[in-house]
$ cat target_22.pdb   # PDB, C-alpha atoms
ATOM      1  CA  MET A   1       8.446 -10.368 -19.277
ATOM      2  CA  GLN A   2       6.400 -10.953 -22.407
ATOM      3  CA  GLN A   3       5.707 -14.504 -21.352
ATOM      4  CA  SER A   4       4.656 -13.517 -17.835
ATOM      5  CA  LEU A   5       2.153 -11.001 -19.190
ATOM      6  CA  GLN A   6       0.246 -13.552 -21.260
ATOM      7  CA  ALA A   7      -3.468 -13.926 -20.559
ATOM      8  CA  VAL A   8      -4.193 -15.706 -17.283
ATOM      9  CA  SER A   9      -7.519 -17.363 -16.533
ATOM     10  CA  ALA A  10      -9.579 -16.140 -13.591
ATOM     11  CA  ASP A  11      -9.444 -19.548 -11.903
ATOM     12  CA  ASP A  12      -5.663 -19.800 -12.227
ATOM     13  CA  ALA A  13      -5.264 -16.283 -10.855
ATOM     14  CA  ARG A  14      -7.548 -17.071  -7.912
ATOM     15  CA  ASP A  15      -5.582 -20.233  -7.102
ATOM     16  CA  ALA A  16      -2.312 -18.300  -7.246
ATOM     17  CA  LEU A  17      -3.724 -15.658  -4.889
ATOM     18  CA  GLU A  18      -4.694 -18.258  -2.297
ATOM     19  CA  LEU A  19      -1.256 -19.893  -2.455
ATOM     20  CA  ALA A  20       0.494 -16.520  -2.267
ATOM     21  CA  ARG A  21      -1.521 -15.507   0.775
ATOM     22  CA  LYS A  22      -0.616 -18.724   2.590
ATOM     23  CA  ALA A  23       3.054 -18.244   1.722
ATOM     24  CA  LEU A  24       3.005 -14.673   3.002
ATOM     25  CA  ASN A  25       1.420 -15.747   6.282
ATOM     26  CA  ARG A  26       4.207 -18.312   6.778
ATOM     27  CA  ILE A  27       6.759 -15.498   6.627
ATOM     28  CA  ILE A  28       4.832 -12.639   8.258
ATOM     29  CA  LEU A  29       3.618 -14.415  11.360
ATOM     30  CA  GLY A  30       0.442 -13.500  13.203
ATOM     31  CA  LYS A  31      -0.516 -10.691  10.822
ATOM     32  CA  ASP A  32      -3.175 -12.330   8.652
ATOM     33  CA  HIS A  33      -5.369  -9.226   8.515
ATOM     34  CA  GLU A  34      -2.499  -6.899   7.637
ATOM     35  CA  VAL A  35      -1.363  -9.289   4.880
ATOM     36  CA  ALA A  36      -4.916  -9.341   3.497
ATOM     37  CA  LEU A  37      -5.012  -5.534   3.547
ATOM     38  CA  ALA A  38      -1.688  -5.312   1.703
ATOM     39  CA  LEU A  39      -2.902  -7.720  -0.979
ATOM     40  CA  ALA A  40      -6.181  -5.828  -1.303
ATOM     41  CA  CYS A  41      -4.283  -2.556  -1.667
ATOM     42  CA  LEU A  42      -2.221  -4.021  -4.515
ATOM     43  CA  LEU A  43      -5.244  -5.531  -6.262
ATOM     44  CA  ALA A  44      -7.119  -2.220  -6.004
ATOM     45  CA  ARG A  45      -4.197  -0.588  -7.868
ATOM     46  CA  GLY A  46      -3.433   1.566  -4.844
ATOM     47  CA  HIS A  47      -0.283   2.229  -2.833
ATOM     48  CA  LEU A  48       0.462   1.302   0.760
ATOM     49  CA  LEU A  49       1.938   3.317   3.635
ATOM     50  CA  ILE A  50       3.168   1.373   6.665
ATOM     51  CA  GLU A  51       3.773   3.485   9.748
ATOM     52  CA  ASP A  52       5.405   1.750  12.668
ATOM     53  CA  LEU A  53       8.475   1.441  14.830
ATOM     54  CA  PRO A  54      11.665  -0.084  13.382
ATOM     55  CA  GLY A  55      12.030  -3.859  13.556
ATOM     56  CA  LEU A  56       8.370  -4.868  13.206
ATOM     57  CA  GLY A  57       8.537  -6.389   9.739
ATOM     58  CA  LYS A  58       7.716  -3.518   7.356
ATOM     59  CA  THR A  59      10.608  -4.233   4.999
ATOM     60  CA  THR A  60      10.091  -7.987   5.216
ATOM     61  CA  LEU A  61       6.464  -7.603   4.137
ATOM     62  CA  ALA A  62       7.464  -5.586   1.075
ATOM     63  CA  GLN A  63      10.214  -8.021   0.095
ATOM     64  CA  SER A  64       7.913 -10.997   0.624
ATOM     65  CA  LEU A  65       5.188  -9.547  -1.595
ATOM     66  CA  ALA A  66       7.674  -8.946  -4.389
ATOM     67  CA  ARG A  67       9.296 -12.372  -4.090
ATOM     68  CA  ILE A  68       6.115 -14.425  -3.811
ATOM     69  CA  LEU A  69       4.202 -12.497  -6.495
ATOM     70  CA  GLY A  70       7.138 -12.596  -8.913
ATOM     71  CA  LEU A  71       7.459  -8.815  -9.183
ATOM     72  CA  SER A  72      10.643  -6.886  -9.904
ATOM     73  CA  PHE A  73      11.725  -5.075  -6.751
ATOM     74  CA  ASN A  74      13.753  -2.000  -5.871
ATOM     75  CA  ARG A  75      14.347  -0.489  -2.469
ATOM     76  CA  ILE A  76      14.912   3.248  -2.186
ATOM     77  CA  GLN A  77      16.367   4.352   1.137
ATOM     78  CA  PHE A  78      15.017   7.834   1.787
ATOM     79  CA  THR A  79      17.559  10.014   3.546
ATOM     80  CA  SER A  80      17.915  13.735   4.127
ATOM     81  CA  ASP A  81      20.318  14.117   1.184
ATOM     82  CA  LEU A  82      18.241  12.139  -1.349
ATOM     83  CA  LEU A  83      17.552  14.037  -4.590
ATOM     84  CA  PRO A  84      14.595  13.565  -6.991
ATOM     85  CA  ALA A  85      17.045  12.368  -9.683
ATOM     86  CA  ASP A  86      18.131   9.596  -7.314
ATOM     87  CA  VAL A  87      14.550   8.297  -7.512
ATOM     88  CA  VAL A  88      13.411   8.822 -11.115
ATOM     89  CA  GLY A  89      16.738   8.788 -12.976
ATOM     90  CA  VAL A  90      18.804  11.232 -14.979
ATOM     91  CA  SER A  91      19.923  11.884 -18.559
ATOM     92  CA  LEU A  92      23.690  11.558 -19.068
ATOM     93  CA  PHE A  93      25.676  12.879 -22.006
ATOM     94  CA  ARG A  94      27.480  10.121 -23.922
ATOM     95  CA  GLN A  95      30.571  11.531 -25.591
ATOM     96  CA  HIS A  96      30.907   8.669 -28.083
ATOM     97  CA  SER A  97      27.413   9.276 -29.507
ATOM     98  CA  GLY A  98      27.110  12.993 -28.821
ATOM     99  CA  GLU A  99      23.644  12.405 -27.346
ATOM    100  CA  PHE A 100      21.987  12.290 -23.946
ATOM    101  CA  GLU A 101      20.998   8.846 -22.706
ATOM    102  CA  PHE A 102      18.419   8.341 -19.989
ATOM    103  CA  GLN A 103      19.525   6.219 -17.058
ATOM    104  CA  PRO A 104      16.397   4.935 -15.282
ATOM    105  CA  GLY A 105      16.237   5.380 -11.539
ATOM    106  CA  PRO A 106      15.084   2.744  -9.061
ATOM    107  CA  ILE A 107      11.458   3.850  -9.497
ATOM    108  CA  PHE A 108      11.351   1.679 -12.633
ATOM    109  CA  ALA A 109      10.293  -1.579 -10.974
ATOM    110  CA  GLU A 110       6.986  -3.291 -10.359
ATOM    111  CA  LEU A 111       7.195  -3.068  -6.574
ATOM    112  CA  ILE A 112       9.000  -0.168  -4.923
ATOM    113  CA  LEU A 113       9.905  -0.006  -1.255
ATOM    114  CA  ALA A 114      10.266   3.654  -0.302
ATOM    115  CA  ASP A 115      11.948   2.995   3.025
ATOM    116  CA  GLU A 116      11.625   5.605   5.795
ATOM    117  CA  VAL A 117      10.027   8.010   3.347
ATOM    118  CA  ASN A 118       9.548  10.701   5.981
ATOM    119  CA  ARG A 119      13.305  11.006   6.582
ATOM    120  CA  ALA A 120      13.746  12.663   3.175
ATOM    121  CA  THR A 121      13.056  16.313   2.448
ATOM    122  CA  PRO A 122       9.712  17.315   0.887
ATOM    123  CA  LYS A 123      11.489  17.890  -2.440
ATOM    124  CA  ALA A 124      12.650  14.292  -2.560
ATOM    125  CA  GLN A 125       9.295  13.026  -1.317
ATOM    126  CA  SER A 126       7.577  14.843  -4.177
ATOM    127  CA  ALA A 127       9.486  12.704  -6.684
ATOM    128  CA  LEU A 128       7.043   9.923  -5.845
ATOM    129  CA  LEU A 129       3.907  11.992  -6.492
ATOM    130  CA  GLU A 130       3.634  11.780 -10.281
ATOM    131  CA  ALA A 131       4.765   8.159 -10.290
ATOM    132  CA  MET A 132       2.113   7.121  -7.759
ATOM    133  CA  GLU A 133      -0.713   9.102  -9.329
ATOM    134  CA  GLU A 134      -0.009   8.773 -13.051
ATOM    135  CA  ASN A 135       2.148   5.613 -13.290
ATOM    136  CA  GLN A 136       4.713   7.647 -15.198
ATOM    137  CA  VAL A 137       7.583  10.051 -14.620
ATOM    138  CA  SER A 138       8.712  13.137 -16.514
ATOM    139  CA  VAL A 139      12.442  13.788 -16.919
ATOM    140  CA  ASP A 140      13.943  16.484 -19.138
ATOM    141  CA  GLY A 141      10.612  17.105 -20.826
ATOM    142  CA  ALA A 142      10.045  13.448 -21.741
ATOM    143  CA  THR A 143       7.358  11.269 -20.179
ATOM    144  CA  ARG A 144       8.275   7.674 -19.438
ATOM    145  CA  ALA A 145       5.786   4.992 -18.469
ATOM    146  CA  LEU A 146       6.393   2.841 -15.413
ATOM    147  CA  PRO A 147       5.966  -0.947 -15.382
ATOM    148  CA  LYS A 148       2.620  -2.654 -14.892
ATOM    149  CA  PRO A 149       1.700  -3.566 -12.284
ATOM    150  CA  PHE A 150       3.226  -0.720 -10.272
ATOM    151  CA  PHE A 151       2.944  -0.776  -6.493
ATOM    152  CA  VAL A 152       4.638   1.510  -3.964
ATOM    153  CA  ILE A 153       5.032   0.453  -0.354
ATOM    154  CA  ALA A 154       6.346   3.332   1.715
ATOM    155  CA  THR A 155       7.419   2.946   5.321
ATOM    156  CA  GLN A 156       7.709   5.714   7.824
ATOM    157  CA  ASN A 157       8.692   6.037  11.436
ATOM    158  CA  PRO A 158       6.389   7.777  13.906
ATOM    159  CA  ALA A 159       6.453  11.545  13.389
ATOM    160  CA  ASP A 160       7.790  12.203  16.891
ATOM    161  CA  GLN A 161      11.087  10.470  16.119
ATOM    162  CA  ILE A 162      14.173  12.567  15.405
ATOM    163  CA  GLY A 163      14.908  13.569  11.821
ATOM    164  CA  THR A 164      11.483  13.119  10.249
ATOM    165  CA  PHE A 165       9.598  15.367   7.812
ATOM    166  CA  PRO A 166       5.810  14.870   7.996
ATOM    167  CA  LEU A 167       4.254  13.858   4.697
ATOM    168  CA  PRO A 168       2.031  16.604   3.248
ATOM    169  CA  GLU A 169      -1.683  15.913   2.818
ATOM    170  CA  SER A 170      -1.305  15.763  -0.968
ATOM    171  CA  GLN A 171       1.156  12.889  -0.681
ATOM    172  CA  LEU A 172      -0.744  11.084   2.056
ATOM    173  CA  ASP A 173      -3.781  11.078  -0.225
ATOM    174  CA  ARG A 174      -1.765   9.140  -2.833
ATOM    175  CA  PHE A 175      -1.774   6.141  -0.518
ATOM    176  CA  LEU A 176      -4.898   4.028  -0.704
ATOM    177  CA  MET A 177      -4.169   2.589   2.744
ATOM    178  CA  ARG A 178      -2.067   3.289   5.782
ATOM    179  CA  ILE A 179      -1.551   0.383   8.164
ATOM    180  CA  GLU A 180       0.444  -0.546  11.247
ATOM    181  CA  LEU A 181       1.908  -3.990  11.800
ATOM    182  CA  GLY A 182       2.375  -3.730  15.553
ATOM    183  CA  TYR A 183       3.964  -6.277  17.855
ATOM    184  CA  PRO A 184       3.338  -9.969  17.154
ATOM    185  CA  ASN A 185       1.283 -12.071  19.516
ATOM    186  CA  GLU A 186       3.104 -14.270  22.012
ATOM    187  CA  ASP A 187       2.958 -17.475  19.967
ATOM    188  CA  SER A 188       4.135 -15.764  16.776
ATOM    189  CA  GLU A 189       6.970 -14.031  18.590
ATOM    190  CA  ARG A 190       8.091 -17.315  20.101
ATOM    191  CA  GLU A 191       8.243 -18.850  16.624
ATOM    192  CA  LEU A 192      10.223 -15.828  15.406
ATOM    193  CA  ILE A 193      12.732 -16.346  18.225
ATOM    194  CA  THR A 194      13.113 -20.107  17.922
ATOM    195  CA  GLY A 195      12.302 -20.735  14.253
ATOM    196  CA  GLN A 196      14.059 -20.195  10.957
ATOM    197  CA  ASP A 197      15.392 -16.732  10.144
ATOM    198  CA  ARG A 198      12.756 -14.868   8.134
ATOM    199  CA  ARG A 199      15.282 -13.589   5.609
ATOM    200  CA  GLN A 200      16.569 -17.073   4.915
ATOM    201  CA  LEU A 201      13.030 -18.400   4.713
ATOM    202  CA  LEU A 202      12.235 -15.724   2.160
ATOM    203  CA  ARG A 203      15.313 -16.599   0.093
ATOM    204  CA  ASP A 204      14.175 -20.237   0.083
ATOM    205  CA  THR A 205      10.663 -19.301  -1.094
ATOM    206  CA  ASP A 206       9.880 -19.539  -4.797
ATOM    207  CA  ALA A 207       7.657 -17.145  -6.716
ATOM    208  CA  ILE A 208       4.061 -18.334  -6.849
ATOM    209  CA  ALA A 209       2.609 -15.708  -9.192
ATOM    210  CA  THR A 210       3.783 -13.490 -12.054
ATOM    211  CA  PRO A 211       3.096  -9.895 -13.100
ATOM    212  CA  GLY A 212       0.522 -11.289 -15.513
ATOM    213  CA  VAL A 213      -1.309 -13.007 -12.659
ATOM    214  CA  VAL A 214      -1.333  -9.800 -10.619
ATOM    215  CA  ILE A 215      -2.787  -7.865 -13.565
ATOM    216  CA  ALA A 216      -5.446 -10.554 -14.018
ATOM    217  CA  LEU A 217      -6.348 -10.271 -10.328
ATOM    218  CA  GLN A 218      -6.567  -6.484 -10.566
ATOM    219  CA  GLU A 219      -8.947  -6.818 -13.500
ATOM    220  CA  ALA A 220     -11.049  -9.427 -11.695
ATOM    221  CA  VAL A 221     -11.488  -7.074  -8.724
ATOM    222  CA  GLN A 222     -13.296  -4.602 -10.983
ATOM    223  CA  ASN A 223     -16.060  -7.177 -11.490
ATOM    224  CA  VAL A 224     -16.820  -7.764  -7.802
ATOM    225  CA  ARG A 225     -20.487  -6.983  -7.191
ATOM    226  CA  MET A 226     -21.459  -4.002  -5.012
ATOM    227  CA  ASN A 227     -25.209  -3.548  -4.524
ATOM    228  CA  ASP A 228     -27.101  -0.326  -3.849
ATOM    229  CA  PRO A 229     -27.572  -0.784  -0.055
ATOM    230  CA  LEU A 230     -23.802  -1.237   0.262
ATOM    231  CA  VAL A 231     -23.206   1.984  -1.684
ATOM    232  CA  ASP A 232     -25.735   3.673   0.644
ATOM    233  CA  TYR A 233     -23.675   2.452   3.613
ATOM    234  CA  ILE A 234     -20.455   3.868   2.172
ATOM    235  CA  GLN A 235     -22.152   7.205   1.499
ATOM    236  CA  ALA A 236     -23.518   7.291   5.043
ATOM    237  CA  LEU A 237     -20.039   6.731   6.468
ATOM    238  CA  VAL A 238     -18.591   9.444   4.238
ATOM    239  CA  ARG A 239     -21.396  11.861   5.142
ATOM    240  CA  TYR A 240     -20.782  11.315   8.847
ATOM    241  CA  THR A 241     -17.096  12.240   8.490
ATOM    242  CA  ARG A 242     -18.150  15.538   6.897
ATOM    243  CA  GLU A 243     -20.824  16.397   9.469
ATOM    244  CA  SER A 244     -19.272  15.198  12.732
ATOM    245  CA  PRO A 245     -18.104  17.998  15.070
ATOM    246  CA  ASP A 246     -15.110  15.822  15.957
ATOM    247  CA  ILE A 247     -13.759  16.016  12.397
ATOM    248  CA  GLU A 248     -12.501  19.227  10.836
ATOM    249  CA  ILE A 249     -11.900  17.775   7.368
ATOM    250  CA  GLY A 250     -13.900  14.735   6.287
ATOM    251  CA  LEU A 251     -13.576  12.416   3.331
ATOM    252  CA  SER A 252     -13.427  13.866  -0.172
ATOM    253  CA  PRO A 253     -15.151  12.240  -3.155
ATOM    254  CA  ARG A 254     -11.802  10.627  -3.969
ATOM    255  CA  GLY A 255     -11.704   9.265  -0.440
ATOM    256  CA  ALA A 256     -15.152   7.755  -0.983
ATOM    257  CA  GLN A 257     -13.967   6.155  -4.227
ATOM    258  CA  SER A 258     -10.916   4.796  -2.433
ATOM    259  CA  LEU A 259     -13.089   3.242   0.272
ATOM    260  CA  ALA A 260     -15.263   1.515  -2.327
ATOM    261  CA  ALA A 261     -12.250   0.275  -4.312
ATOM    262  CA  ALA A 262     -10.537  -1.085  -1.198
ATOM    263  CA  ALA A 263     -13.696  -2.827   0.011
ATOM    264  CA  ARG A 264     -14.171  -4.442  -3.400
ATOM    265  CA  ALA A 265     -10.565  -5.691  -3.419
ATOM    266  CA  PHE A 266     -10.771  -6.963   0.155
ATOM    267  CA  ALA A 267     -13.955  -8.860  -0.689
ATOM    268  CA  TYR A 268     -12.112 -10.491  -3.570
ATOM    269  CA  VAL A 269      -9.143 -11.433  -1.369
ATOM    270  CA  GLU A 270     -11.591 -13.005   1.096
ATOM    271  CA  ASN A 271     -13.341 -14.816  -1.806
ATOM    272  CA  HIS A 272     -16.727 -13.265  -1.031
ATOM    273  CA  SER A 273     -19.508 -13.358  -3.610
ATOM    274  CA  GLY A 274     -19.817  -9.576  -3.414
ATOM    275  CA  VAL A 275     -18.979  -6.664  -1.148
ATOM    276  CA  PHE A 276     -20.513  -6.921   2.311
ATOM    277  CA  PRO A 277     -20.564  -4.383   5.177
ATOM    278  CA  ASP A 278     -17.889  -6.482   6.905
ATOM    279  CA  ASP A 279     -15.552  -5.792   3.975
ATOM    280  CA  VAL A 280     -16.102  -2.039   4.265
ATOM    281  CA  GLN A 281     -15.477  -2.175   8.004
ATOM    282  CA  ALA A 282     -12.342  -4.289   7.536
ATOM    283  CA  VAL A 283     -10.667  -1.659   5.353
ATOM    284  CA  PHE A 284     -12.259   1.483   6.787
ATOM    285  CA  GLU A 285      -9.591   2.517   9.283
ATOM    286  CA  ALA A 286      -6.736   1.761   6.885
ATOM    287  CA  VAL A 287      -8.342   3.810   4.108
ATOM    288  CA  VAL A 288      -9.743   6.834   5.935
ATOM    289  CA  ALA A 289      -7.668   7.523   9.068
ATOM    290  CA  HIS A 290      -4.845   9.295   7.206
ATOM    291  CA  ARG A 291      -7.404  11.353   5.269
ATOM    292  CA  LEU A 292      -9.275  12.710   8.308
ATOM    293  CA  LYS A 293      -8.258  15.812  10.238
ATOM    294  CA  PRO A 294      -9.536  15.780  13.822
ATOM    295  CA  ALA A 295     -11.146  18.935  15.166
ATOM    296  CA  SER A 296      -9.058  20.881  17.657
ATOM    297  CA  ASN A 297     -11.599  20.388  20.451
ATOM    298  CA  THR A 298     -12.238  16.674  19.940
ATOM    299  CA  THR A 299     -11.808  14.255  22.818
ATOM    300  CA  PHE A 300     -10.401  11.590  20.504
ATOM    301  CA  ARG A 301      -6.642  11.265  20.602
ATOM    302  CA  SER A 302      -6.060  10.233  16.995
ATOM    303  CA  ALA A 303      -7.691   9.954  13.589
ATOM    304  CA  ARG A 304      -7.661   6.174  14.029
ATOM    305  CA  GLU A 305      -9.864   6.487  17.101
ATOM    306  CA  ILE A 306     -12.208   8.761  15.148
ATOM    307  CA  ALA A 307     -12.385   6.224  12.320
ATOM    308  CA  ARG A 308     -13.446   3.525  14.765
ATOM    309  CA  HIS A 309     -16.011   5.920  16.258
ATOM    310  CA  VAL A 310     -17.496   6.544  12.795
ATOM    311  CA  LEU A 311     -18.002   2.811  12.289
ATOM    312  CA  ASP A 312     -19.761   2.564  15.657
ATOM    313  CA  ALA A 313     -21.944   5.602  14.976
ATOM    314  CA  VAL A 314     -23.240   4.695  11.499
ATOM    315  CA  ALA A 315     -25.820   1.925  11.337
ATOM    316  CA  ILE A 316     -25.396  -0.923   8.862
ATOM    317  CA  PRO A 317     -28.294  -0.923   6.381
TER     318      PRO A 317
END
$ encode --input "target_22.pdb" --output "structure tokens"
Amino acid sequence: MQQSLQAVSADDARDALELARKALNRIILGKDHEVALALACLLARGHLLIEDLPGLGKTTLAQSLARILGLSFNRIQFTSDLLPADVVGVSLFRQHSGEFEFQPGPIFAELILADEVNRATPKAQSALLEAMEENQVSVDGATRALPKPFFVIATQNPADQIGTFPLPESQLDRFLMRIELGYPNEDSERELITGQDRRQLLRDTDAIATPGVVIALQEAVQNVRMNDPLVDYIQALVRYTRESPDIEIGLSPRGAQSLAAAARAFAYVENHSGVFPDDVQAVFEAVVAHRLKPASNTTFRSAREIARHVLDAVAIP
């Protein structure tokens, strides 16, 4: 680990990012935009929620990111009987030493897949809150730091499926982005049917980056230029969500910060010279839809539709 966290040059990190993105797109077929969003979410030091039907590649995306970026990986299967200690760990008494010894839980990895997070009870879901917000966990009065980088990808099934517990607003807000993968296009699906098994392809894929590279990329994102007219555009979008009669609860200041951070990271992934309105629009739905609460009398059927309406309604400066 010490070797992988050595200083990495900006050019080397950029080259590794381009190679990693190409490798991911060879495994996750026909989802170039979703792969770019996932990378941007990681580089913005956020966390990612993927909501979709089973069998559409949510787990494969998480495993591919960990493998290709050289990150340690743990999968936590959220079930109705999962306890917080099953996530963060527990202190066990060792008779030979007469002392308690902390046994780390699966949360102590650089990339965590919280699989079907909405099948666990709210108590178990809350075990992720401190880890996602503070990059640390508290057990038996002691605070323990989590690895760096630290990235949570949570998957959830649609809320209308049997045996799900909707995530509370406080936990939804911990996720920088929420995306859907959706069905592949016809050509991609044909390659999935006739081509090499994705799991075998992933096993045959070598790591392209290291944790040190990911940290270097996260630091580089902070230097992406964002000019005043672009900030004006973000503020106009945020203001519209607060004033629109179709939206009961608009974006908070933290939501505005999240939108700016995601746009900056997406611009970096796309190798833009700075943040452009197209970058804001590319991440807007993924960043804001799960933070908006539609008004009861709105004609829009979902927060995602409202997010698209906001983009159409606010002029680009």
$ closest_residue --input "target_22.pdb" --among "A:Arg174, A:Phe78, A:Ala145, A:Arg198" --to "Leu24 in chain A" --atoms "all atoms listed in the file"
A:Arg198
$ resolve_selection --input "target_22.pdb" --expression "the PyMOL selection byres ((chain A and resi 41) around 9)" --output "ChimeraX atom specification"
/A:36-40,42-48,151,176-177,261-262,265-266
$ atom_distance --input "target_22.pdb" --atom1 "CA of Phe276 in chain A" --atom2 "CA of Gln235 in chain A"
14.2 Å
$ closest_residue --input "target_22.pdb" --among "A:Glu101, A:Glu169, A:Glu18, A:Glu34" --to "Val283 in chain A" --atoms "only C-alpha atoms"
A:Glu34
$ closest_residue --input "target_22.pdb" --among "A:Leu311, A:Leu167, A:Leu251, A:Leu172" --to "Glu133 in chain A" --atoms "all atoms listed in the file"
A:Leu172
$ residues_near_point --input "target_22.pdb" --point "(15.5, 3.1, -3.3)" --cutoff "10 Å" --atoms "all atoms listed in the file" --output "list in words"
Phe73, Asn74, Arg75, Ile76, Gln77, Phe78, Thr79, Leu82, Asp86, Val87, Val88, Gly105, Pro106, Ile107, Ile112, Leu113, Ala114, Asp115 and Val117 of chain A
$ atom_distance --input "target_22.pdb" --atom1 "CA of Ala286 in chain A" --atom2 "CA of Ile179 in chain A"
5.5 Å
$ closest_residue --input "target_22.pdb" --among "A:Pro147, A:Ala303, A:Ile27, A:Met226" --to "His272 in chain A" --atoms "all atoms listed in the file"
A:Met226
$ closest_residue --input "target_22.pdb" --among "A:Ser170, A:Ser273, A:Ser64, A:Ser80" --to "Arg119 in chain A" --atoms "only C-alpha atoms"
A:Ser80
$ closest_residue --input "target_22.pdb" --among "A:Val269, A:Ser138, A:Val275, A:Val287" --to "Pro229 in chain A" --atoms "all atoms listed in the file"
A:Val275
$ atom_distance --input "target_22.pdb" --atom1 "CA of Ile234 in chain A" --atom2 "CA of Val280 in chain A"
7.6 Å
$ resolve_selection --input "target_22.pdb" --expression "the PyMOL selection byres ((chain A and resi 127) around 9)" --output "list in words"
Leu83, Pro84, Ala85, Val87, Val88, Pro122, Lys123, Ala124, Gln125, Ser126, Leu128, Leu129, Glu130, Ala131 and Val137 of chain A
$ residues_around --input "target_22.pdb" --residues "range 155-158 of chain A" --least-positions-apart "2" --cutoff "7 Å" --atoms "all atoms listed in the file" --output "MDAnalysis selection string"
chainID A and resid 49:53 58 114:118 153 160:161
$ axis_aligned_box --input "target_22.pdb" --around "range 260-273 of chain A" --padding-each-side "8 Å" --output "AutoDock Vina command-line options"
--center_x -14.3 --center_y -6.7 --center_z -1.6 --size_x 26.4 --size_y 32.3 --size_z 21.4
